[in-house]
Amino acid sequence: MTVHLSSPAPSRRGLPRHLFWPVGYAVAALLVFLLLFAKHRGYLSPAFSDFLQQWLSPSSIIEAVVWVICALGLNTVVGYAGLLDLGYVAFWAIGGYTAGWLMSEFFYQVNVHVLGSVPQARPGIHLSFWMVLAVGAALCALFGALIGAPTLRLRSDYLALVTLGFGEIIPQVFTNGENIGGFNLSNGTKGIVPVDPISVGGFRLGPFDLHWKYLIFVGLAVLIAWISLRLREGRLGRAWLAIREDEVAASAMGVPLMRVKLAAYAIGALAGGIGGVAFATHVNSVSPERFNFSISIILLAMVVLGGMGNVWGVILGALVLAWVNSTGLQQLGNALNDLTGRDINLPSYNYLIFGSVLVLMMLFRREGFLPESRTRLVLREHGREGISGEATLDYEAADDMATPGTGEDIRVVGEEPPDAGEDVREGRI
Amino acid sequence: MTQITHAETLRPPLRLQDIAFRVSAVLLLAAVTTWLVASLAASPVQFFSAALAGLSNGALYALIALGYTLVYGIIELINFAHGDLFMLGTLFSAYLLTVWLGQAASSAVAWVLVVVALLAAMAFCASLNVVIELVAYRKLRRAPRLAPLITAVGMSFILQNIGLKWNGSFPRQWPSLLPSEALTVGGVKIDYKIIIVFVVTIPLLLLMSWVVTRTRQGRAMRATAQDQDAARLMGIDVNRTISFTFALGGAMAGAAGVMYQQTVGSTKFDLGFQLGLIAFTAAVLGGIGNLTGAVVGGVLIGLIQGLNDGAAYGLGQKWSQSVVFGILILLLVFRPQGLLGTPSGDRG
C-alpha cells in the first residue's frame, strides 16, 4: 500500500489528502479512548471486556503510546538527518531516572514539594509531572548535544558505534549506581519505587484511571508529532534532509553541518526524555534492567518499518511493533498452540522477528511501508535510473555470464562512471 | 610585511580550541600513566596476574577484531553480526566436544579432539559468515551506507536468537578439556590455559598475515579493498574475493570461539554482542582496516580490561564495559584514525 502524501489527487473519501492521516489517527485515538472509558465504567459486556484485556489491554495501549513518542524522537535523528543512533535507550533511561529522582521518596534526606501529587508530609523530592517532563526533556537534550558534539565530525558509521557505546554506558551507570563515591545515584538493580502518580491541577490520577493517563500520553505524542511535522517543513528540517541526501552538497550550499546535526541529536533526545518520564509514571517505577540494547533496536525497527522520515508511517510502525512486542506475540502464540495442539513459545523468537524485519526491509523495501515521498525518490528512483541498482546488475551480469553486453547495458554503465555511484553512496542517508 | 603574512599562512596561529584539545589529551595520558604506576606499586603480583589474564583475553579480542577489520577494510561495513558469529562458535565448540563427543575431562584424547574442534569451528563459522554475506550484504553493496549497517544489526539479532534457542537464556558453564595446572613465576601464577591460548593464537595471526600479504588471493583482497571497480577490470572476481574475506574473518572468530569456550567456559546468547563491541573497539583502537592495528588494539584493550578488573586500583568488573566504551569514545574524539591508522580525508 503506497500513499503519495505529496500528490494533490483528491481522495476517495472526499477528504483532502494531507488530512487523511491526521484525521484517521485522531478518530482512532478517540475510539480507543471511548473504549477505555467504557471499559473503566463497566459498560462493556464481561466477555468483550475480557477479550480486550487479553488482546488490547489498556496498559499495553499506553505503553505503545510511549513507544510512539520515542520512535518519533529517533525518527528525527535517523529519518530526517540520516544519522544512525543505536543508543537511543540511553535517553529513555535518563528521562526515566529524572522522573525517579524528582517524583519519589528516593532522596529522602530532603523534603521538597512543588505542586506534587502526594501529601506534604512525605519526604523526598515531589515535583509536578509537568515540571518533570520539562526537566527530563531538557536534561536529555543536553546529553544529546554532549554526546553529539565531539563525534559529529566522524563518519556516520563511527557515529553509530559511539551512540551504541553511550547506550551501553548510561544503563551500566544506573545499574552500578548505588554507590558512586559513597553517593547513591540510582539505587542499583533495585531501581526506584514507587514513582508519584500524575496530577492535573488538583486532580490526582489513581491506578485505575488509565483512560485519563492514555489521554495525557496521547497529548504528549501529538505534541511531539506536531513538533516533528513543523520542523520538517521549516528551515531546520530542510537542512536535515539536505545533509541526509548529500552532506557535501549541503555544506557547499551553506548548511552549517555541525549545528544542524547537533540540533537533530538534541531534539531527538528531547522526545526520548519525555517518553522516559511518561513511561516511569506509567509503570510507577524505574529499574535499570529494562534499558537494554534491544530497546534501541526495536525503536530502529519501528522507524524502518514505518518509513524513515515519514511521521505517520513511524507512528504506525511504532504502534504495530509495540503491540506485537507486548501482547501480539504472546496471544498469537497461544492461539496458534491452541489451534495446532503444539507448544511453541512464540515470544522467545522476538529477536528473530525484529532482526528479520530489519534485514528484509533493507533488502526488499528500503523506504518502509509508508514511505515519505521524498525518501522513496532518493532510495528507489535513482536506482532505476542506473546510478546504483541497475549499474550493479550490469556489472554482475558482465561478471557472471561474460556475455558481450547489449548496447543498452553498455550505455548505462558508460553514462554513469562507477565513481559517481560511489560518491553518491557516501552522502546518502 | 609580506614576509609576515607568508609565515602566518605557513603556520596558522593555535586557536584556543586546539590548545584546550591538546592539553586535555596530555592530561588524559598523564592520568592513565599515574593510575598504572600507582596500581603497580600497590601490589606488583596482583598487577602482573591481572595483566596476564588481560593479555590472554586480548589475544582472543585480536582474533575477533581481525574479522571486523578485514570486512571493514574491504567493503566498509561494520559487521555487527561478527560478535554473534563468535558466540555461535563457542556454542558449536561446546556442543561438539561435550555433547556430541562426550568429553568432560582433560586427557590426551581430549587434547586431540580440541584441535579437531578448532578446525571444525573455524570451518563452521567461515561457512556461516559466507552465507550471511551472500544473503544479507551482497545485494546492498551499492546501497546507501545506512542500509547494510541496519541489515548487519538485524543479522546480529537473528544470530542471537539462534544462540538463545540453542543454549537457553541463562549462562551455561562447560567443562574445559585443557590442563588446569599452572606454573608459578616469581609469585605470579600462570595457567597453562593462558599459554595454550598464545600457542594457538600467534600462529593463526602469522598465517593470516601471510595469506593477506604473500598469496595471490591476498593480493586480490587488497586490490578489492582499494578499488572494487579497478580490481574487477584487472580480472579479479570481486564477489569471490569478498566471500573469501568473510570466510577468513569467520574462521578467526571460530578459533576465538573454541579458545574462549575452553578457557572461560561460560557461554550465553548475548556474549557475542558484548565481546563483539569490545573487539570492534580494539579494531578502531588499532586503526580500522589495518591488520597489525587490530592485533595491537586487541592486546591493548585486553590489557586495559584485565587491569581494570584485577589490578589494585581498578574499578572492578562491573565497570568493564563502561571503561572500554569510554576508551572508544575518547579515542574517536582525539584520534579517530586509531593508533596505527593513517588519517583519511573521509572523516567529514
# chains A, B, ... in the order shown; residues from 1 in each chain; ligands from 1
>>> interface_residues(of="chain A", to="chain B", cutoff="6 Å", atoms="only C-alpha atoms", output="PyMOL selection string")
chain A and resi 150+153-155+162+165+169+351-352+355+358-359+362+388+425+428
>>> atom_distance(atom1="CA of Gly191 (chain A)", atom2="CA of Asp309 (chain B)")
24.8 Å
>>> select_by_dssp(residues="region 25-187 of chain B", states="helix (DSSP H, G or I)", output="count of residues only")
124
>>> residues_around(residues="Leu285 (chain B)", least_positions_apart="3", cutoff="8 Å", atoms="only C-alpha atoms", output="list of chain:residue names")
B:Thr281, B:Ala282, B:Ile288, B:Gly293, B:Ala294, B:Gly297, B:Leu328, B:Leu331, B:Gly338, B:Leu339
>>> residues_around(residues="region 307-309 of chain A", least_positions_apart="3", cutoff="9 Å", atoms="only C-alpha atoms", output="list in words")
Asn75, Thr76, Val78, Gly79, Tyr80, Ala81, Gly82, Arg232, Leu241, Met302, Val303, Val304, Trp312, Gly313, Val314, Gly317, Arg366, Glu367, Gly368, Phe369, Leu370, Pro371, Glu372, Arg374 and Thr375 of chain A
>>> residues_around(residues="region 180-185 of chain B", least_positions_apart="6", cutoff="10 Å", atoms="only C-alpha atoms", output="list in words")
Ser106, Asp191, Tyr192, Lys193, Ile194, Ile195 and Thr263 of chain B
>>> write_last_selection(atoms="C-alpha atoms", output="PDB file, in the first residue's frame")
ATOM      1  CA  SER B 106      41.337 -33.305  30.392  1.00  0.00           C
ATOM      2  CA  ASP B 191      47.783 -21.007  33.894  1.00  0.00           C
ATOM      3  CA  TYR B 192      48.709 -23.491  31.170  1.00  0.00           C
ATOM      4  CA  LYS B 193      45.469 -22.429  29.523  1.00  0.00           C
ATOM      5  CA  ILE B 194      46.805 -18.933  29.010  1.00  0.00           C
ATOM      6  CA  ILE B 195      49.942 -20.329  27.411  1.00  0.00           C
ATOM      7  CA  THR B 263      39.436 -21.109  28.834  1.00  0.00           C
TER       8      THR B 263
END
>>> closest_residue(among="B:Met221, B:Leu291, B:Ala41, B:Ile74", to="Leu206 (chain B)", atoms="only C-alpha atoms")
B:Leu291
>>> residues_around(residues="region 285-299 of chain A", least_positions_apart="2", cutoff="8 Å", atoms="only C-alpha atoms", output="PyMOL selection string")
(chain A and resi 67+70-71+74+86-90+92-93+96-97+100+167-168+171-172+174-175+188-195+280-281+283+301-303+318+321+354) or (chain B and resi 153)
>>> select_by_dssp(residues="region 119-234 of chain B", states="strand (DSSP E or B)", output="list in words")
Arg172, Gln173, Ala182, Leu183, Thr184, Val185, Val188, Lys189, Ile190 and Asp191 of chain B
>>> write_last_selection(atoms="N, CA and C atoms", output="short mmCIF file (atom, residue, chain, number, x, y, z; two decimals), in the first residue's frame")
data_model
loop_
_atom_site.label_atom_id
_atom_site.label_comp_id
_atom_site.auth_asym_id
_atom_site.auth_seq_id
_atom_site.Cartn_x
_atom_site.Cartn_y
_atom_site.Cartn_z
N ARG B 172 25.71 -20.67 30.58
CA ARG B 172 25.89 -22.09 30.80
C ARG B 172 27.38 -22.38 30.92
N GLN B 173 27.74 -23.12 31.94
CA GLN B 173 29.15 -23.43 32.19
C GLN B 173 29.50 -24.76 31.53
N ALA B 182 48.98 -24.93 36.77
CA ALA B 182 49.58 -23.63 36.50
C ALA B 182 51.03 -23.67 36.96
N LEU B 183 51.86 -22.86 36.34
CA LEU B 183 53.21 -22.74 36.88
C LEU B 183 53.38 -21.36 37.48
N THR B 184 54.25 -21.26 38.47
CA THR B 184 54.39 -20.01 39.19
C THR B 184 55.74 -19.39 38.89
N VAL B 185 55.74 -18.17 38.45
CA VAL B 185 56.99 -17.45 38.17
C VAL B 185 57.02 -16.21 39.05
N VAL B 188 53.80 -15.01 40.54
CA VAL B 188 52.67 -14.82 39.62
C VAL B 188 52.27 -16.17 39.05
N LYS B 189 51.01 -16.51 39.20
CA LYS B 189 50.53 -17.81 38.71
C LYS B 189 50.21 -17.69 37.22
N ILE B 190 50.80 -18.61 36.44
CA ILE B 190 50.50 -18.59 35.01
C ILE B 190 49.80 -19.90 34.65
N ASP B 191 48.53 -19.81 34.29
CA ASP B 191 47.78 -21.01 33.89
C ASP B 191 48.33 -21.55 32.57
#
>>> atom_distance(atom1="CA of Asp338 (chain A)", atom2="CA of Ser356 (chain A)")
25.5 Å
>>> residues_around(residues="Gly163 (chain B)", least_positions_apart="5", cutoff="8 Å", atoms="only C-alpha atoms", output="list in words")
Met87, Leu88, Leu91, Gly168, Lys268 and Phe269 of chain B
>>> write_last_selection(atoms="C-alpha atoms", output="PDB file, in the first residue's frame")
ATOM      1  CA  MET B  87      29.195 -16.624  20.118  1.00  0.00           C
ATOM      2  CA  LEU B  88      27.880 -19.355  17.819  1.00  0.00           C
ATOM      3  CA  LEU B  91      28.368 -22.883  21.316  1.00  0.00           C
ATOM      4  CA  GLY B 168      18.937 -21.306  26.608  1.00  0.00           C
ATOM      5  CA  LYS B 268      25.472 -17.036  26.840  1.00  0.00           C
ATOM      6  CA  PHE B 269      23.470 -15.900  23.862  1.00  0.00           C
TER       7      PHE B 269
END
>>> closest_residue(among="A:Ile62, A:Val260, A:Ala335, A:Leu19", to="Leu36 (chain A)", atoms="only C-alpha atoms")
A:Ile62
